[in-house]
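Student: Pasting structure.txt below, which is compact mmCIF, N, CA and C atoms.
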```
# COMPACT_ATOMS: atom_id res chain seq x y z
N MET T 1 -17.97 2.87 15.92
CA MET T 1 -17.83 1.94 14.81
C MET T 1 -18.83 0.79 15.02
N PRO T 2 -19.56 0.40 13.97
CA PRO T 2 -20.51 -0.71 14.09
C PRO T 2 -19.81 -2.01 14.48
N SER T 3 -20.53 -2.89 15.13
CA SER T 3 -19.93 -4.14 15.62
C SER T 3 -19.38 -5.00 14.48
N THR T 4 -20.03 -4.98 13.32
CA THR T 4 -19.52 -5.77 12.20
C THR T 4 -18.18 -5.23 11.71
N HIS T 5 -18.01 -3.93 11.77
CA HIS T 5 -16.74 -3.33 11.35
C HIS T 5 -15.65 -3.64 12.37
N ARG T 6 -16.01 -3.64 13.64
CA ARG T 6 -15.03 -3.96 14.68
C ARG T 6 -14.56 -5.41 14.54
N TYR T 7 -15.48 -6.29 14.20
CA TYR T 7 -15.14 -7.70 14.03
C TYR T 7 -14.10 -7.87 12.92
N VAL T 8 -14.32 -7.22 11.81
CA VAL T 8 -13.39 -7.31 10.68
C VAL T 8 -12.08 -6.60 10.99
N ALA T 9 -12.13 -5.55 11.79
CA ALA T 9 -10.91 -4.83 12.15
C ALA T 9 -9.97 -5.70 12.98
N ASP T 10 -10.52 -6.72 13.64
CA ASP T 10 -9.69 -7.63 14.45
C ASP T 10 -9.01 -8.71 13.62
N TRP T 11 -9.33 -8.80 12.33
CA TRP T 11 -8.73 -9.82 11.49
C TRP T 11 -7.25 -9.52 11.27
N ASN T 12 -6.43 -10.55 11.34
CA ASN T 12 -5.00 -10.44 11.02
C ASN T 12 -4.50 -11.83 10.63
N PRO T 13 -3.34 -11.92 10.00
CA PRO T 13 -2.84 -13.23 9.56
C PRO T 13 -2.73 -14.25 10.69
N GLU T 14 -2.30 -13.79 11.87
CA GLU T 14 -2.16 -14.71 13.02
C GLU T 14 -3.50 -15.36 13.37
N LYS T 15 -4.56 -14.57 13.34
CA LYS T 15 -5.89 -15.09 13.68
C LYS T 15 -6.29 -16.20 12.71
N PHE T 16 -6.07 -15.98 11.42
CA PHE T 16 -6.44 -16.98 10.43
C PHE T 16 -5.56 -18.23 10.53
N LEU T 17 -4.28 -18.04 10.81
CA LEU T 17 -3.38 -19.18 10.93
C LEU T 17 -3.71 -20.02 12.16
N ASN T 18 -4.05 -19.38 13.27
CA ASN T 18 -4.45 -20.12 14.47
C ASN T 18 -5.74 -20.89 14.24
N TRP T 19 -6.68 -20.24 13.55
CA TRP T 19 -7.96 -20.87 13.22
C TRP T 19 -7.72 -22.08 12.32
N ALA T 20 -6.86 -21.93 11.33
CA ALA T 20 -6.56 -23.02 10.40
C ALA T 20 -5.81 -24.15 11.11
N ASP T 21 -4.94 -23.81 12.04
CA ASP T 21 -4.18 -24.81 12.78
C ASP T 21 -5.11 -25.71 13.59
N ALA T 22 -6.21 -25.14 14.07
CA ALA T 22 -7.19 -25.93 14.83
C ALA T 22 -7.92 -26.92 13.92
N ILE T 23 -7.91 -26.68 12.63
CA ILE T 23 -8.59 -27.57 11.68
C ILE T 23 -7.66 -28.69 11.23
N GLY T 24 -6.42 -28.34 10.87
CA GLY T 24 -5.48 -29.37 10.43
C GLY T 24 -4.27 -28.77 9.74
N ASP T 25 -3.27 -29.61 9.53
CA ASP T 25 -2.01 -29.17 8.93
C ASP T 25 -2.17 -28.71 7.49
N HIS T 26 -2.96 -29.45 6.71
CA HIS T 26 -3.15 -29.07 5.31
C HIS T 26 -3.89 -27.73 5.21
N CYS T 27 -4.83 -27.54 6.09
CA CYS T 27 -5.59 -26.29 6.10
C CYS T 27 -4.68 -25.12 6.45
N LYS T 28 -3.79 -25.33 7.41
CA LYS T 28 -2.86 -24.26 7.80
C LYS T 28 -1.93 -23.92 6.64
N THR T 29 -1.42 -24.92 5.96
CA THR T 29 -0.54 -24.68 4.81
C THR T 29 -1.30 -23.94 3.71
N PHE T 30 -2.54 -24.35 3.47
CA PHE T 30 -3.37 -23.71 2.45
C PHE T 30 -3.58 -22.23 2.79
N ILE T 31 -3.93 -21.93 4.02
CA ILE T 31 -4.18 -20.55 4.44
C ILE T 31 -2.89 -19.73 4.38
N THR T 32 -1.77 -20.34 4.74
CA THR T 32 -0.47 -19.65 4.65
C THR T 32 -0.20 -19.23 3.21
N LEU T 33 -0.42 -20.14 2.27
CA LEU T 33 -0.20 -19.83 0.85
C LEU T 33 -1.22 -18.82 0.33
N LEU T 34 -2.45 -18.92 0.81
CA LEU T 34 -3.49 -17.98 0.39
C LEU T 34 -3.15 -16.56 0.84
N LEU T 35 -2.63 -16.43 2.05
CA LEU T 35 -2.23 -15.11 2.56
C LEU T 35 -1.00 -14.58 1.81
N ALA T 36 -0.09 -15.47 1.45
CA ALA T 36 1.14 -15.06 0.77
C ALA T 36 0.91 -14.73 -0.71
N LYS T 37 -0.22 -15.16 -1.22
CA LYS T 37 -0.52 -14.99 -2.64
C LYS T 37 -0.68 -13.52 -3.04
N ARG T 38 -1.13 -12.71 -2.15
CA ARG T 38 -1.38 -11.29 -2.42
C ARG T 38 -0.26 -10.43 -1.85
N GLN T 39 -0.05 -9.29 -2.46
CA GLN T 39 0.98 -8.37 -1.97
C GLN T 39 0.63 -7.87 -0.58
N HIS T 40 -0.65 -7.62 -0.35
CA HIS T 40 -1.13 -7.18 0.96
C HIS T 40 -2.04 -8.29 1.51
N PRO T 41 -1.68 -8.89 2.65
CA PRO T 41 -2.47 -10.00 3.19
C PRO T 41 -3.94 -9.65 3.42
N GLU T 42 -4.24 -8.39 3.66
CA GLU T 42 -5.62 -7.97 3.90
C GLU T 42 -6.54 -8.31 2.73
N GLN T 43 -5.96 -8.40 1.54
CA GLN T 43 -6.75 -8.72 0.35
C GLN T 43 -7.22 -10.17 0.36
N SER T 44 -6.61 -11.00 1.19
CA SER T 44 -6.97 -12.42 1.25
C SER T 44 -7.89 -12.75 2.42
N TYR T 45 -8.15 -11.80 3.28
CA TYR T 45 -8.92 -12.09 4.49
C TYR T 45 -10.29 -12.67 4.21
N LYS T 46 -10.98 -12.14 3.23
CA LYS T 46 -12.34 -12.62 2.93
C LYS T 46 -12.29 -14.07 2.43
N SER T 47 -11.30 -14.38 1.60
CA SER T 47 -11.15 -15.76 1.12
C SER T 47 -10.80 -16.70 2.26
N CYS T 48 -9.90 -16.25 3.14
CA CYS T 48 -9.52 -17.07 4.30
C CYS T 48 -10.74 -17.35 5.17
N ALA T 49 -11.51 -16.32 5.45
CA ALA T 49 -12.71 -16.48 6.28
C ALA T 49 -13.70 -17.43 5.61
N GLY T 50 -13.81 -17.33 4.30
CA GLY T 50 -14.72 -18.21 3.56
C GLY T 50 -14.29 -19.66 3.63
N VAL T 51 -13.01 -19.91 3.40
CA VAL T 51 -12.49 -21.28 3.45
C VAL T 51 -12.66 -21.86 4.85
N LEU T 52 -12.24 -21.11 5.85
CA LEU T 52 -12.31 -21.61 7.22
C LEU T 52 -13.75 -21.76 7.70
N GLY T 53 -14.63 -20.93 7.19
CA GLY T 53 -16.05 -21.02 7.54
C GLY T 53 -16.71 -22.28 7.01
N LEU T 54 -16.12 -22.88 5.99
CA LEU T 54 -16.67 -24.12 5.44
C LEU T 54 -16.62 -25.26 6.45
N ALA T 55 -15.75 -25.15 7.45
CA ALA T 55 -15.64 -26.20 8.47
C ALA T 55 -16.95 -26.35 9.24
N LYS T 56 -17.70 -25.27 9.38
CA LYS T 56 -18.99 -25.34 10.08
C LYS T 56 -19.99 -26.18 9.30
N LYS T 57 -19.90 -26.14 7.98
CA LYS T 57 -20.85 -26.87 7.13
C LYS T 57 -20.45 -28.32 6.92
N VAL T 58 -19.16 -28.56 6.72
CA VAL T 58 -18.73 -29.90 6.31
C VAL T 58 -17.88 -30.63 7.35
N GLY T 59 -17.40 -29.94 8.34
CA GLY T 59 -16.56 -30.55 9.36
C GLY T 59 -15.08 -30.33 9.09
N LYS T 60 -14.31 -30.46 10.15
CA LYS T 60 -12.87 -30.18 10.06
C LYS T 60 -12.12 -31.18 9.18
N ASP T 61 -12.45 -32.45 9.32
CA ASP T 61 -11.74 -33.48 8.56
C ASP T 61 -11.94 -33.32 7.05
N ARG T 62 -13.18 -33.10 6.66
CA ARG T 62 -13.45 -32.92 5.22
C ARG T 62 -12.75 -31.68 4.69
N LEU T 63 -12.77 -30.59 5.46
CA LEU T 63 -12.12 -29.37 5.00
C LEU T 63 -10.62 -29.58 4.88
N ASP T 64 -10.02 -30.26 5.84
CA ASP T 64 -8.58 -30.51 5.78
C ASP T 64 -8.24 -31.38 4.56
N ASN T 65 -9.06 -32.38 4.28
CA ASN T 65 -8.84 -33.22 3.09
C ASN T 65 -9.00 -32.42 1.80
N ALA T 66 -9.97 -31.53 1.78
CA ALA T 66 -10.18 -30.68 0.59
C ALA T 66 -8.99 -29.75 0.39
N CYS T 67 -8.46 -29.22 1.47
CA CYS T 67 -7.28 -28.35 1.37
C CYS T 67 -6.08 -29.14 0.86
N LYS T 68 -5.95 -30.39 1.31
CA LYS T 68 -4.85 -31.24 0.84
C LYS T 68 -4.96 -31.44 -0.67
N ARG T 69 -6.16 -31.74 -1.12
CA ARG T 69 -6.36 -31.96 -2.57
C ARG T 69 -6.08 -30.68 -3.36
N ALA T 70 -6.53 -29.54 -2.85
CA ALA T 70 -6.27 -28.27 -3.52
C ALA T 70 -4.77 -27.98 -3.56
N LEU T 71 -4.06 -28.31 -2.49
CA LEU T 71 -2.61 -28.12 -2.46
C LEU T 71 -1.93 -29.03 -3.47
N ASP T 72 -2.39 -30.27 -3.57
CA ASP T 72 -1.80 -31.23 -4.52
C ASP T 72 -1.90 -30.72 -5.95
N TYR T 73 -2.99 -30.04 -6.26
CA TYR T 73 -3.20 -29.52 -7.61
C TYR T 73 -2.83 -28.04 -7.74
N GLU T 74 -2.25 -27.49 -6.68
CA GLU T 74 -1.81 -26.08 -6.65
C GLU T 74 -2.94 -25.13 -7.02
N ARG T 75 -4.12 -25.39 -6.50
CA ARG T 75 -5.30 -24.54 -6.71
C ARG T 75 -5.59 -23.83 -5.40
N ILE T 76 -4.90 -22.73 -5.17
CA ILE T 76 -4.98 -22.03 -3.89
C ILE T 76 -5.99 -20.90 -3.99
N ASN T 77 -7.27 -21.25 -3.89
CA ASN T 77 -8.33 -20.24 -3.84
C ASN T 77 -9.58 -20.85 -3.23
N TYR T 78 -10.46 -19.98 -2.79
CA TYR T 78 -11.69 -20.40 -2.12
C TYR T 78 -12.55 -21.28 -3.02
N GLN T 79 -12.70 -20.88 -4.26
CA GLN T 79 -13.60 -21.59 -5.18
C GLN T 79 -13.16 -23.03 -5.39
N SER T 80 -11.86 -23.29 -5.43
CA SER T 80 -11.38 -24.66 -5.61
C SER T 80 -11.77 -25.54 -4.43
N VAL T 81 -11.57 -25.03 -3.23
CA VAL T 81 -11.92 -25.82 -2.03
C VAL T 81 -13.42 -26.06 -1.99
N LYS T 82 -14.18 -25.04 -2.28
CA LYS T 82 -15.64 -25.17 -2.27
C LYS T 82 -16.09 -26.21 -3.30
N SER T 83 -15.51 -26.17 -4.49
CA SER T 83 -15.85 -27.11 -5.55
C SER T 83 -15.47 -28.54 -5.17
N ILE T 84 -14.31 -28.72 -4.57
CA ILE T 84 -13.87 -30.04 -4.13
C ILE T 84 -14.88 -30.62 -3.13
N LEU T 85 -15.33 -29.79 -2.21
CA LEU T 85 -16.29 -30.24 -1.21
C LEU T 85 -17.66 -30.54 -1.82
N GLU T 86 -18.11 -29.69 -2.73
CA GLU T 86 -19.42 -29.89 -3.36
C GLU T 86 -19.47 -31.18 -4.18
N LYS T 87 -18.36 -31.50 -4.83
CA LYS T 87 -18.31 -32.68 -5.69
C LYS T 87 -17.89 -33.94 -4.93
N GLY T 88 -17.55 -33.78 -3.65
CA GLY T 88 -17.15 -34.93 -2.84
C GLY T 88 -15.78 -35.47 -3.18
N LEU T 89 -14.95 -34.66 -3.82
CA LEU T 89 -13.62 -35.12 -4.23
C LEU T 89 -12.67 -35.28 -3.05
N ASP T 90 -13.03 -34.69 -1.91
CA ASP T 90 -12.18 -34.82 -0.72
C ASP T 90 -12.19 -36.25 -0.19
N ALA T 91 -13.22 -37.01 -0.50
CA ALA T 91 -13.34 -38.38 0.00
C ALA T 91 -12.71 -39.40 -0.94
N ILE T 92 -12.37 -38.98 -2.15
CA ILE T 92 -11.80 -39.90 -3.14
C ILE T 92 -10.30 -39.98 -2.95
N GLN T 93 -9.81 -41.21 -2.83
CA GLN T 93 -8.38 -41.42 -2.69
C GLN T 93 -7.72 -41.30 -4.06
N GLU T 94 -6.60 -40.62 -4.10
CA GLU T 94 -5.86 -40.48 -5.35
C GLU T 94 -5.23 -41.81 -5.72
N ASP T 95 -5.25 -42.13 -6.99
CA ASP T 95 -4.62 -43.35 -7.48
C ASP T 95 -3.12 -43.10 -7.59
N THR T 96 -2.37 -43.75 -6.74
CA THR T 96 -0.91 -43.55 -6.73
C THR T 96 -0.20 -44.64 -7.53
N ASN T 97 -0.95 -45.37 -8.33
CA ASN T 97 -0.39 -46.42 -9.16
C ASN T 97 0.48 -45.80 -10.25
N THR T 98 1.77 -46.11 -10.22
CA THR T 98 2.69 -45.52 -11.19
C THR T 98 3.03 -46.49 -12.32
N GLU T 99 2.33 -47.61 -12.38
CA GLU T 99 2.59 -48.57 -13.45
C GLU T 99 2.17 -47.98 -14.79
N SER T 100 2.86 -48.38 -15.80
CA SER T 100 2.56 -47.91 -17.14
C SER T 100 1.30 -48.58 -17.67
N ASN T 101 0.56 -47.86 -18.48
CA ASN T 101 -0.63 -48.41 -19.10
C ASN T 101 -0.33 -49.04 -20.45
N ILE T 102 0.93 -49.16 -20.80
CA ILE T 102 1.32 -49.75 -22.07
C ILE T 102 1.18 -51.27 -21.96
N PRO T 103 0.48 -51.88 -22.88
CA PRO T 103 0.33 -53.34 -22.82
C PRO T 103 1.67 -54.03 -23.09
N LYS T 104 1.83 -55.20 -22.52
CA LYS T 104 3.08 -55.94 -22.70
C LYS T 104 2.85 -57.05 -23.72
N HIS T 105 3.51 -56.90 -24.86
CA HIS T 105 3.49 -57.96 -25.87
C HIS T 105 4.74 -57.83 -26.72
N THR T 106 5.01 -58.80 -27.56
CA THR T 106 6.27 -58.88 -28.30
C THR T 106 6.41 -57.84 -29.39
N ASN T 107 5.36 -57.18 -29.77
CA ASN T 107 5.40 -56.23 -30.86
C ASN T 107 5.94 -54.86 -30.43
N ILE T 108 6.10 -54.63 -29.16
CA ILE T 108 6.57 -53.33 -28.67
C ILE T 108 8.09 -53.35 -28.60
N ARG T 109 8.70 -52.33 -29.19
CA ARG T 109 10.16 -52.22 -29.20
C ARG T 109 10.64 -51.76 -27.83
N GLY T 110 11.72 -52.30 -27.40
CA GLY T 110 12.30 -51.93 -26.12
C GLY T 110 13.23 -50.73 -26.26
N GLY T 111 13.81 -50.29 -25.16
CA GLY T 111 14.72 -49.16 -25.16
C GLY T 111 15.99 -49.42 -25.95
N ASN T 112 16.40 -50.68 -26.05
CA ASN T 112 17.62 -51.01 -26.78
C ASN T 112 17.47 -50.78 -28.28
N TYR T 113 16.27 -50.80 -28.79
CA TYR T 113 16.02 -50.59 -30.21
C TYR T 113 16.49 -49.22 -30.66
N TYR T 114 16.41 -48.23 -29.78
CA TYR T 114 16.72 -46.84 -30.14
C TYR T 114 18.16 -46.44 -29.89
N LYS T 115 19.02 -47.37 -29.51
CA LYS T 115 20.43 -47.03 -29.25
C LYS T 115 21.25 -47.11 -30.50
```
Any chance you could give the structure as structure tokens?
Tutor:
Amino acid sequence: MPSTHRYVADWNPEKFLNWADAIGDHCKTFITLLLAKRQHPEQSYKSCAGVLGLAKKVGKDRLDNACKRALDYERINYQSVKSILEKGLDAIQEDTNTESNIPKHTNIRGGNYYK
């Protein structure tokens, strides 16, 4: 068997989960969901390898942040993580401001009006 085939034959869910664990918690959760997404985990191996391979290009911290953002938006696929990294969205902090954008003035009816 050619060496490239032997390398792929060694792939299994444990290998990808251990690799992801070395990167970060969000990455491990992302890979777990990516593997669970398919009926047969083998169908996800190429995507897992692609996502985890991005750590060589962008670093572990950026990849873990990108996985967190993909998890927040429930976008569990390679293309989403790649796009997040390309656009630099992993570095942008989410606005957690829950205040209403409704202006406050006397012309707005309150909740009591509708009772």
Student: Rank nothing, just name the residue among T:Lys115, T:Lys46, T:Lys68, T:Lys28 nearest to Glu14 (chain T), using only C-alpha atoms.
Tutor: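 Selected residue with least distance to Glu14 (chain T): T:Lys28.
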Student: Find, counting all atoms listed in the file, the residue in T:Lys82, T:Ile108, T:Gly53, T:Cys27 that gets nearest to Asn65 (chain T).
Tutor: T:Cys27
Student: Go through T:Phe30, T:Asn107, T:Phe16, T:Asp25 and flag the residue nearest Val81 (chain T), using only C-alpha atoms for the distances.
Tutor: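 Smallest separation from Val81 (chain T) among the options: T:Phe30.
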Student: From the DSSP assignment of the backbone, select every residue of chain T that is alpha helix (DSSP H), and format the answer as a VMD selection string.
Tutor: chain T and resid 3 to 9 13 to 23 25 to 36 45 to 58 60 to 72 78 to 87
Student: Suppose you want the space between atom C of Trp11 (chain T) and CA of Leu33 (chain T); what is it in Å?
Tutor: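 Here the two named atoms are 16.3 Å from each other.
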Student: Is it possible to get the residues within 12 Å of (-7.8, -24.7, 12.2) (coordinates as in the file, counting only C-alpha atoms) written as a short mmCIF file (atom, residue, chain, number, x, y, z; two decimals) with N, CA and C atoms, in the frame of the given file?
Tutor:
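Written output follows (result.cif):
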```
data_model
loop_
_atom_site.label_atom_id
_atom_site.label_comp_id
_atom_site.auth_asym_id
_atom_site.auth_seq_id
_atom_site.Cartn_x
_atom_site.Cartn_y
_atom_site.Cartn_z
N GLU T 14 -2.30 -13.79 11.87
CA GLU T 14 -2.16 -14.71 13.02
C GLU T 14 -3.50 -15.36 13.37
N LYS T 15 -4.56 -14.57 13.34
CA LYS T 15 -5.89 -15.09 13.68
C LYS T 15 -6.29 -16.20 12.71
N PHE T 16 -6.07 -15.98 11.42
CA PHE T 16 -6.44 -16.98 10.43
C PHE T 16 -5.56 -18.23 10.53
N LEU T 17 -4.28 -18.04 10.81
CA LEU T 17 -3.38 -19.18 10.93
C LEU T 17 -3.71 -20.02 12.16
N ASN T 18 -4.05 -19.38 13.27
CA ASN T 18 -4.45 -20.12 14.47
C ASN T 18 -5.74 -20.89 14.24
N TRP T 19 -6.68 -20.24 13.55
CA TRP T 19 -7.96 -20.87 13.22
C TRP T 19 -7.72 -22.08 12.32
N ALA T 20 -6.86 -21.93 11.33
CA ALA T 20 -6.56 -23.02 10.40
C ALA T 20 -5.81 -24.15 11.11
N ASP T 21 -4.94 -23.81 12.04
CA ASP T 21 -4.18 -24.81 12.78
C ASP T 21 -5.11 -25.71 13.59
N ALA T 22 -6.21 -25.14 14.07
CA ALA T 22 -7.19 -25.93 14.83
C ALA T 22 -7.92 -26.92 13.92
N ILE T 23 -7.91 -26.68 12.63
CA ILE T 23 -8.59 -27.57 11.68
C ILE T 23 -7.66 -28.69 11.23
N GLY T 24 -6.42 -28.34 10.87
CA GLY T 24 -5.48 -29.37 10.43
C GLY T 24 -4.27 -28.77 9.74
N ASP T 25 -3.27 -29.61 9.53
CA ASP T 25 -2.01 -29.17 8.93
C ASP T 25 -2.17 -28.71 7.49
N HIS T 26 -2.96 -29.45 6.71
CA HIS T 26 -3.15 -29.07 5.31
C HIS T 26 -3.89 -27.73 5.21
N CYS T 27 -4.83 -27.54 6.09
CA CYS T 27 -5.59 -26.29 6.10
C CYS T 27 -4.68 -25.12 6.45
N LYS T 28 -3.79 -25.33 7.41
CA LYS T 28 -2.86 -24.26 7.80
C LYS T 28 -1.93 -23.92 6.64
N THR T 29 -1.42 -24.92 5.96
CA THR T 29 -0.54 -24.68 4.81
C THR T 29 -1.30 -23.94 3.71
N PHE T 30 -2.54 -24.35 3.47
CA PHE T 30 -3.37 -23.71 2.45
C PHE T 30 -3.58 -22.23 2.79
N ILE T 31 -3.93 -21.93 4.02
CA ILE T 31 -4.18 -20.55 4.44
C ILE T 31 -2.89 -19.73 4.38
N THR T 32 -1.77 -20.34 4.74
CA THR T 32 -0.47 -19.65 4.65
C THR T 32 -0.20 -19.23 3.21
N CYS T 48 -9.90 -16.25 3.14
CA CYS T 48 -9.52 -17.07 4.30
C CYS T 48 -10.74 -17.35 5.17
N ALA T 49 -11.51 -16.32 5.45
CA ALA T 49 -12.71 -16.48 6.28
C ALA T 49 -13.70 -17.43 5.61
N VAL T 51 -13.01 -19.91 3.40
CA VAL T 51 -12.49 -21.28 3.45
C VAL T 51 -12.66 -21.86 4.85
N LEU T 52 -12.24 -21.11 5.85
CA LEU T 52 -12.31 -21.61 7.22
C LEU T 52 -13.75 -21.76 7.70
N GLY T 53 -14.63 -20.93 7.19
CA GLY T 53 -16.05 -21.02 7.54
C GLY T 53 -16.71 -22.28 7.01
N LEU T 54 -16.12 -22.88 5.99
CA LEU T 54 -16.67 -24.12 5.44
C LEU T 54 -16.62 -25.26 6.45
N ALA T 55 -15.75 -25.15 7.45
CA ALA T 55 -15.64 -26.20 8.47
C ALA T 55 -16.95 -26.35 9.24
N LYS T 56 -17.70 -25.27 9.38
CA LYS T 56 -18.99 -25.34 10.08
C LYS T 56 -19.99 -26.18 9.30
N GLY T 59 -17.40 -29.94 8.34
CA GLY T 59 -16.56 -30.55 9.36
C GLY T 59 -15.08 -30.33 9.09
N LYS T 60 -14.31 -30.46 10.15
CA LYS T 60 -12.87 -30.18 10.06
C LYS T 60 -12.12 -31.18 9.18
N ASP T 61 -12.45 -32.45 9.32
CA ASP T 61 -11.74 -33.48 8.56
C ASP T 61 -11.94 -33.32 7.05
N LEU T 63 -12.77 -30.59 5.46
CA LEU T 63 -12.12 -29.37 5.00
C LEU T 63 -10.62 -29.58 4.88
N ASP T 64 -10.02 -30.26 5.84
CA ASP T 64 -8.58 -30.51 5.78
C ASP T 64 -8.24 -31.38 4.56
N CYS T 67 -8.46 -29.22 1.47
CA CYS T 67 -7.28 -28.35 1.37
C CYS T 67 -6.08 -29.14 0.86
#
```
Student: Could you tell me how far atom N of Arg38 (chain T) sits from atom C of Glu86 (chain T), in Å to one decimal place?
Tutor: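 Separating atom C of Glu86 (chain T) from atom N of Arg38 (chain T) is a distance of 26.1 Å.
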Student: What does the structure give for the distance between CA of Ala36 (chain T) and CA of Val58 (chain T), in Å to one decimal?
Tutor: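 Pair CA of Ala36 (chain T) / CA of Val58 (chain T) returns 25.4 Å.
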Student: At a cut-off of 10 Å, using only C-alpha atoms, what residues contact Arg69 (chain T)? Leave out same-chain residues fewer than 3 positions from it and give the result as a VMD selection string.
Tutor: chain T and resid 26 63 to 66 72 to 75 80 to 81 84 89 to 94
Student: Closest to Tyr45 (chain T) among T:Asn12, T:Asn77, T:Leu85, T:Leu71, using all atoms listed in the file?
Tutor: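 Under the stated criterion, the closest residue is T:Asn12.
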